[in-house]
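This is query22.cif (mmCIF, C-alpha atoms).
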data_target
#
loop_
_atom_site.group_PDB
_atom_site.id
_atom_site.type_symbol
_atom_site.label_atom_id
_atom_site.label_comp_id
_atom_site.auth_asym_id
_atom_site.auth_seq_id
_atom_site.Cartn_x
_atom_site.Cartn_y
_atom_site.Cartn_z
ATOM 1 C CA MET A 1270 -28.807 52.579 60.226
ATOM 2 C CA ALA A 1271 -27.748 49.390 58.456
ATOM 3 C CA GLU A 1272 -24.760 49.079 60.788
ATOM 4 C CA ALA A 1273 -27.007 49.554 63.819
ATOM 5 C CA GLU A 1274 -29.409 46.880 62.613
ATOM 6 C CA ARG A 1275 -26.479 44.513 62.053
ATOM 7 C CA ILE A 1276 -25.224 45.031 65.593
ATOM 8 C CA ILE A 1277 -28.566 45.122 67.371
ATOM 9 C CA GLY A 1278 -30.325 42.550 65.189
ATOM 10 C CA THR A 1279 -33.759 42.507 63.600
ATOM 11 C CA PRO A 1280 -36.588 42.415 66.131
ATOM 12 C CA ASP A 1281 -38.466 39.132 66.358
ATOM 13 C CA THR A 1282 -41.994 38.892 64.959
ATOM 14 C CA PRO A 1283 -44.062 37.089 67.595
ATOM 15 C CA ASP A 1284 -47.047 36.557 65.314
ATOM 16 C CA ALA A 1285 -44.991 34.821 62.631
ATOM 17 C CA ASP A 1286 -43.246 32.627 65.201
ATOM 18 C CA ARG A 1287 -46.546 31.719 66.793
ATOM 19 C CA ASP A 1288 -48.055 30.790 63.415
ATOM 20 C CA GLY A 1289 -45.058 28.589 62.631
ATOM 21 C CA GLN A 1290 -45.309 26.856 65.991
ATOM 22 C CA ASP A 1291 -49.031 26.263 65.463
ATOM 23 C CA ARG A 1292 -48.367 24.638 62.085
ATOM 24 C CA ASP A 1293 -45.688 22.413 63.603
ATOM 25 C CA ILE A 1294 -48.101 21.292 66.321
ATOM 26 C CA GLU A 1295 -50.825 20.545 63.756
ATOM 27 C CA ASP A 1296 -48.406 18.504 61.651
ATOM 28 C CA ARG A 1297 -47.318 16.495 64.684
ATOM 29 C CA ASP A 1298 -50.944 15.892 65.624
ATOM 30 C CA LEU A 1299 -51.681 14.606 62.122
ATOM 31 C CA ARG A 1300 -48.679 12.284 62.234
ATOM 32 C CA ASP A 1301 -49.615 10.986 65.673
ATOM 33 C CA ARG A 1302 -53.261 10.462 64.751
ATOM 34 C CA ASP A 1303 -52.875 8.895 61.302
ATOM 35 C CA GLY A 1304 -49.441 7.327 61.638
ATOM 36 C CA ARG A 1305 -48.200 9.068 58.476
ATOM 37 C CA GLU A 1306 -47.016 12.374 57.127
ATOM 38 C CA PRO A 1307 -49.685 14.939 56.218
ATOM 39 C CA ALA A 1308 -50.742 14.623 52.572
ATOM 40 C CA GLY A 1309 -49.094 17.103 50.295
ATOM 41 C CA ALA A 1310 -48.616 16.992 46.568
ATOM 42 C CA ASP A 1311 -47.569 13.319 46.644
ATOM 43 C CA GLY A 1312 -50.545 12.357 48.794
ATOM 44 C CA THR A 1313 -52.956 14.129 46.473
ATOM 45 C CA LYS A 1314 -51.434 12.312 43.493
ATOM 46 C CA ALA A 1315 -51.749 8.956 45.232
ATOM 47 C CA GLU A 1316 -55.393 9.639 46.067
ATOM 48 C CA ALA A 1317 -56.082 10.569 42.446
ATOM 49 C CA GLU A 1318 -54.366 7.438 41.109
ATOM 50 C CA ARG A 1319 -56.241 5.043 43.392
ATOM 51 C CA PRO A 1320 -59.560 5.115 41.441
ATOM 52 C CA ARG A 1321 -57.652 4.769 38.158
ATOM 53 C CA GLY A 1322 -55.884 1.682 39.528
ATOM 54 C CA ARG A 1323 -59.206 0.170 40.584
ATOM 55 C CA ARG A 1324 -60.602 0.719 37.087
ATOM 56 C CA ARG A 1325 -57.623 -1.057 35.536
ATOM 57 C CA ILE A 1326 -58.092 -3.978 37.922
ATOM 58 C CA ALA A 1327 -61.769 -4.104 36.958
ATOM 59 C CA VAL A 1328 -60.771 -4.275 33.283
ATOM 60 C CA LEU A 1329 -58.325 -7.095 34.038
ATOM 61 C CA PHE A 1330 -60.953 -9.231 35.757
ATOM 62 C CA ALA A 1331 -63.628 -8.392 33.169
ATOM 63 C CA VAL A 1332 -61.352 -9.550 30.336
ATOM 64 C CA ALA A 1333 -60.369 -12.642 32.337
ATOM 65 C CA ALA A 1334 -64.007 -13.515 33.053
ATOM 66 C CA PHE A 1335 -64.974 -13.085 29.396
ATOM 67 C CA ALA A 1336 -62.073 -15.248 28.146
ATOM 68 C CA TYR A 1337 -62.737 -17.893 30.810
ATOM 69 C CA LEU A 1338 -66.479 -18.130 30.176
ATOM 70 C CA LEU A 1339 -66.012 -18.223 26.397
ATOM 71 C CA ASP A 1340 -63.523 -21.059 26.757
ATOM 72 C CA LEU A 1341 -65.691 -22.937 29.267
ATOM 73 C CA VAL A 1342 -68.864 -22.724 27.166
ATOM 74 C CA SER A 1343 -67.035 -23.729 23.972
ATOM 75 C CA LYS A 1344 -65.584 -26.819 25.679
ATOM 76 C CA MET A 1345 -68.970 -27.827 27.080
ATOM 77 C CA ILE A 1346 -70.474 -27.634 23.576
ATOM 78 C CA VAL A 1347 -67.565 -29.584 22.080
ATOM 79 C CA VAL A 1348 -67.812 -32.360 24.681
ATOM 80 C CA ALA A 1349 -71.595 -32.597 24.276
ATOM 81 C CA LYS A 1350 -71.887 -32.292 20.499
ATOM 82 C CA LEU A 1351 -68.555 -33.106 18.892
ATOM 83 C CA GLU A 1352 -66.701 -35.653 20.997
ATOM 84 C CA HIS A 1353 -66.899 -39.187 19.523
ATOM 85 C CA HIS A 1354 -68.271 -37.693 16.295
ATOM 86 C CA GLU A 1355 -66.755 -36.884 12.925
ATOM 87 C CA PRO A 1356 -64.855 -33.584 12.691
ATOM 88 C CA ILE A 1357 -66.697 -30.569 11.329
ATOM 89 C CA GLU A 1358 -65.070 -28.844 8.363
ATOM 90 C CA VAL A 1359 -65.203 -25.072 8.780
ATOM 91 C CA VAL A 1360 -63.008 -23.905 5.877
ATOM 92 C CA GLY A 1361 -62.587 -26.967 3.694
ATOM 93 C CA ASP A 1362 -59.698 -29.058 4.966
ATOM 94 C CA TRP A 1363 -57.822 -25.901 6.091
ATOM 95 C CA LEU A 1364 -59.757 -25.496 9.333
ATOM 96 C CA ARG A 1365 -61.993 -27.926 11.143
ATOM 97 C CA PHE A 1366 -63.381 -28.582 14.602
ATOM 98 C CA GLU A 1367 -62.214 -31.875 16.084
ATOM 99 C CA ALA A 1368 -62.519 -32.880 19.742
ATOM 100 C CA ILE A 1369 -59.163 -33.924 21.197
ATOM 101 C CA ARG A 1370 -58.187 -34.617 24.818
ATOM 102 C CA ASN A 1371 -54.733 -33.129 25.452
ATOM 103 C CA ALA A 1372 -52.765 -34.147 28.545
ATOM 104 C CA GLY A 1373 -49.846 -31.867 27.674
ATOM 105 C CA ALA A 1374 -49.302 -28.136 27.445
ATOM 106 C CA ALA A 1375 -50.687 -25.766 24.845
ATOM 107 C CA PHE A 1376 -50.815 -27.246 21.333
ATOM 108 C CA GLY A 1377 -50.185 -30.756 22.649
ATOM 109 C CA PHE A 1378 -46.585 -30.436 23.823
ATOM 110 C CA GLY A 1379 -45.213 -32.328 26.833
ATOM 111 C CA GLU A 1380 -47.927 -34.869 27.587
ATOM 112 C CA ALA A 1381 -45.713 -36.550 30.204
ATOM 113 C CA PHE A 1382 -45.634 -33.434 32.409
ATOM 114 C CA THR A 1383 -49.310 -32.776 33.105
ATOM 115 C CA VAL A 1384 -48.855 -32.141 36.828
ATOM 116 C CA ILE A 1385 -45.965 -29.745 36.172
ATOM 117 C CA PHE A 1386 -48.059 -27.737 33.709
ATOM 118 C CA THR A 1387 -50.855 -27.615 36.284
ATOM 119 C CA VAL A 1388 -48.486 -26.169 38.881
ATOM 120 C CA ILE A 1389 -47.140 -23.642 36.365
ATOM 121 C CA ALA A 1390 -50.662 -22.490 35.480
ATOM 122 C CA ALA A 1391 -51.489 -22.031 39.167
ATOM 123 C CA ALA A 1392 -48.253 -20.073 39.699
ATOM 124 C CA VAL A 1393 -49.066 -17.799 36.751
ATOM 125 C CA ILE A 1394 -52.459 -17.023 38.274
ATOM 126 C CA VAL A 1395 -50.851 -16.133 41.630
ATOM 127 C CA VAL A 1396 -48.314 -13.842 39.933
ATOM 128 C CA ILE A 1397 -51.072 -12.046 38.009
ATOM 129 C CA PHE A 1398 -53.036 -11.435 41.215
ATOM 130 C CA ARG A 1399 -49.908 -9.959 42.819
ATOM 131 C CA LEU A 1400 -49.248 -7.701 39.816
ATOM 132 C CA ALA A 1401 -52.828 -6.462 39.885
ATOM 133 C CA ARG A 1402 -52.135 -4.482 43.065
ATOM 134 C CA LYS A 1403 -49.789 -2.128 41.185
ATOM 135 C CA LEU A 1404 -51.621 -2.059 37.857
ATOM 136 C CA TYR A 1405 -52.230 1.359 36.276
ATOM 137 C CA SER A 1406 -51.870 0.517 32.558
ATOM 138 C CA LEU A 1407 -54.910 -0.348 30.421
ATOM 139 C CA PRO A 1408 -52.951 -2.398 27.814
ATOM 140 C CA TRP A 1409 -51.321 -4.372 30.618
ATOM 141 C CA ALA A 1410 -54.740 -4.936 32.208
ATOM 142 C CA ILE A 1411 -56.021 -6.421 28.936
ATOM 143 C CA ALA A 1412 -52.899 -8.570 28.451
ATOM 144 C CA LEU A 1413 -52.946 -9.924 32.006
ATOM 145 C CA GLY A 1414 -56.698 -10.485 31.765
ATOM 146 C CA LEU A 1415 -56.214 -12.665 28.672
ATOM 147 C CA LEU A 1416 -53.459 -14.619 30.434
ATOM 148 C CA LEU A 1417 -55.558 -15.059 33.560
ATOM 149 C CA GLY A 1418 -58.672 -16.173 31.678
ATOM 150 C CA GLY A 1419 -56.729 -18.646 29.548
ATOM 151 C CA ALA A 1420 -54.800 -20.056 32.497
ATOM 152 C CA LEU A 1421 -58.014 -20.495 34.499
ATOM 153 C CA GLY A 1422 -59.710 -22.191 31.541
ATOM 154 C CA ASN A 1423 -57.049 -24.856 31.121
ATOM 155 C CA LEU A 1424 -56.535 -25.183 34.880
ATOM 156 C CA THR A 1425 -60.236 -25.998 35.254
ATOM 157 C CA ASP A 1426 -59.761 -28.914 32.852
ATOM 158 C CA ARG A 1427 -56.641 -30.059 34.719
ATOM 159 C CA ILE A 1428 -58.547 -30.194 38.002
ATOM 160 C CA PHE A 1429 -61.996 -31.475 37.025
ATOM 161 C CA ARG A 1430 -61.601 -33.641 33.929
ATOM 162 C CA SER A 1431 -60.425 -37.253 33.718
ATOM 163 C CA PRO A 1432 -58.214 -39.081 34.429
ATOM 164 C CA GLY A 1433 -57.935 -37.271 37.791
ATOM 165 C CA VAL A 1434 -57.347 -34.143 39.816
ATOM 166 C CA PHE A 1435 -54.321 -32.148 38.564
ATOM 167 C CA GLU A 1436 -53.880 -34.704 35.786
ATOM 168 C CA GLY A 1437 -56.967 -33.940 33.717
ATOM 169 C CA ALA A 1438 -56.735 -33.731 29.940
ATOM 170 C CA VAL A 1439 -57.574 -30.369 28.351
ATOM 171 C CA VAL A 1440 -60.271 -30.268 25.669
ATOM 172 C CA ASP A 1441 -58.872 -28.994 22.345
ATOM 173 C CA PHE A 1442 -60.943 -28.628 19.203
ATOM 174 C CA ILE A 1443 -59.597 -25.947 16.813
ATOM 175 C CA ALA A 1444 -57.628 -27.872 14.182
ATOM 176 C CA PRO A 1445 -55.945 -25.829 11.418
ATOM 177 C CA LYS A 1446 -54.262 -27.758 8.606
ATOM 178 C CA HIS A 1447 -50.597 -28.624 9.319
ATOM 179 C CA PHE A 1448 -50.835 -27.222 12.845
ATOM 180 C CA ALA A 1449 -51.500 -28.479 16.377
ATOM 181 C CA VAL A 1450 -55.040 -28.653 17.759
ATOM 182 C CA PHE A 1451 -55.781 -25.984 20.377
ATOM 183 C CA ASN A 1452 -58.628 -24.251 22.206
ATOM 184 C CA LEU A 1453 -59.770 -20.719 23.066
ATOM 185 C CA ALA A 1454 -57.827 -20.716 26.346
ATOM 186 C CA ASP A 1455 -54.612 -21.376 24.406
ATOM 187 C CA SER A 1456 -55.525 -18.523 22.041
ATOM 188 C CA ALA A 1457 -56.086 -16.132 24.962
ATOM 189 C CA ILE A 1458 -52.745 -17.088 26.531
ATOM 190 C CA VAL A 1459 -50.866 -16.583 23.257
ATOM 191 C CA CYS A 1460 -52.571 -13.233 22.553
ATOM 192 C CA GLY A 1461 -51.845 -12.041 26.094
ATOM 193 C CA GLY A 1462 -48.229 -13.159 25.851
ATOM 194 C CA VAL A 1463 -47.700 -11.431 22.490
ATOM 195 C CA LEU A 1464 -49.237 -8.222 23.853
ATOM 196 C CA ILE A 1465 -46.931 -8.332 26.902
ATOM 197 C CA VAL A 1466 -43.880 -8.742 24.639
ATOM 198 C CA LEU A 1467 -44.980 -5.734 22.550
ATOM 199 C CA LEU A 1468 -45.552 -3.623 25.658
ATOM 200 C CA SER A 1469 -42.142 -4.600 27.012
ATOM 201 C CA PHE A 1470 -40.459 -3.614 23.744
ATOM 202 C CA ARG A 1471 -42.195 -0.239 23.955
ATOM 203 C CA GLY A 1472 -40.945 0.194 27.527
ATOM 204 C CA LEU A 1473 -44.395 0.356 29.129
ATOM 205 C CA ASP A 1474 -44.525 -1.091 32.664
ATOM 206 C CA PRO A 1475 -47.637 -2.409 34.446
ATOM 207 C CA ASP A 1476 -47.670 0.646 36.738
ATOM 208 C CA GLY A 1477 -48.081 2.900 33.699
ATOM 209 C CA THR A 1478 -44.537 4.286 33.633
ATOM 210 C CA VAL A 1479 -42.459 4.275 30.460
ATOM 211 C CA HIS A 1480 -38.757 3.477 30.583
ATOM 212 C CA LYS A 1481 -36.113 3.653 27.889
ATOM 213 C CA ASP A 1482 -33.082 1.370 27.875
#

File written out as structure tokens:
Amino acid sequence: MAEAERIIGTPDTPDADRDGQDRDIEDRDLRDRDGREPAGADGTKAEAERPRGRRRIAVLFAVAAFAYLLDLVSKMIVVAKLEHHEPIEVVGDWLRFEAIRNAGAAFGFGEAFTVIFTVIAAAVIVVIFRLARKLYSLPWAIALGLLLGGALGNLTDRIFRSPGVFEGAVVDFIAPKHFAVFNLADSAIVCGGVLIVLLSFRGLDPDGTVHKD
């Protein structure tokens, strides 16, 4: 019997062939209509990750908005109440509030390169917006949000404060003893940068994947 089957061959199963042909036609129709392969396991995963990515982006912009508004309000109060007045001692002579106009980078460095620092801040903002499209990590969302809020805070001063557009002096007011005067935007940038360094050391990427060197 086995030898006969080998010689003659196994009879075809029309129903199975017809079902396979129908599935092929449906797949081709889906590709023609949508312009992509039918969603399988990878498609389902992508659909599930999309809402999570949107939530991370929302966290990024919420943190950025909070840092930006806190910096903006603090500078408005400093300009209105503290500028051209005596410094306010917060913790003896170890910490005081003193209004300073800073034409340089964070902590008063590089006052001769105001325009360059303005361009760098704008470039940082653009890079963060591009990274946000592939953001699936909550810690990265917080770190980038702090960077974005701080960069926007100081960039606002560069654009709208005297002596002119893109050359404006940043308002600094936090003056620890034996340290440079800075503001809340500088603090947000430093905190965001430190968090990014820690995440990089741990091997966590913005898309949520973990790599080991």

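If you look at atom CA of Ala1420 of chain A and atom CA of Ala1391 of chain A, they are 7.7 Å away from each other.
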
All residues 8 Å or closer to Ile1357 of chain A, all atoms listed in the file, same chain fewer than 6 positions away omitted, as a PyMOL selection string: chain A and resi 1365-1367

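Taking atom CA of Val1393 of chain A as the reference point, atom CA of Ser1469 of chain A is found at 17.8 Å.
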
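Using all atoms listed in the file, the smallest distance between any of A:Phe1435, A:Trp1409, A:Phe1429, A:Phe1448 and Gly1462 of chain A comes from A:Trp1409.
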
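Atom CA of Thr1387 of chain A is positioned 24.8 Å from atom CA of Ile1326 of chain A.
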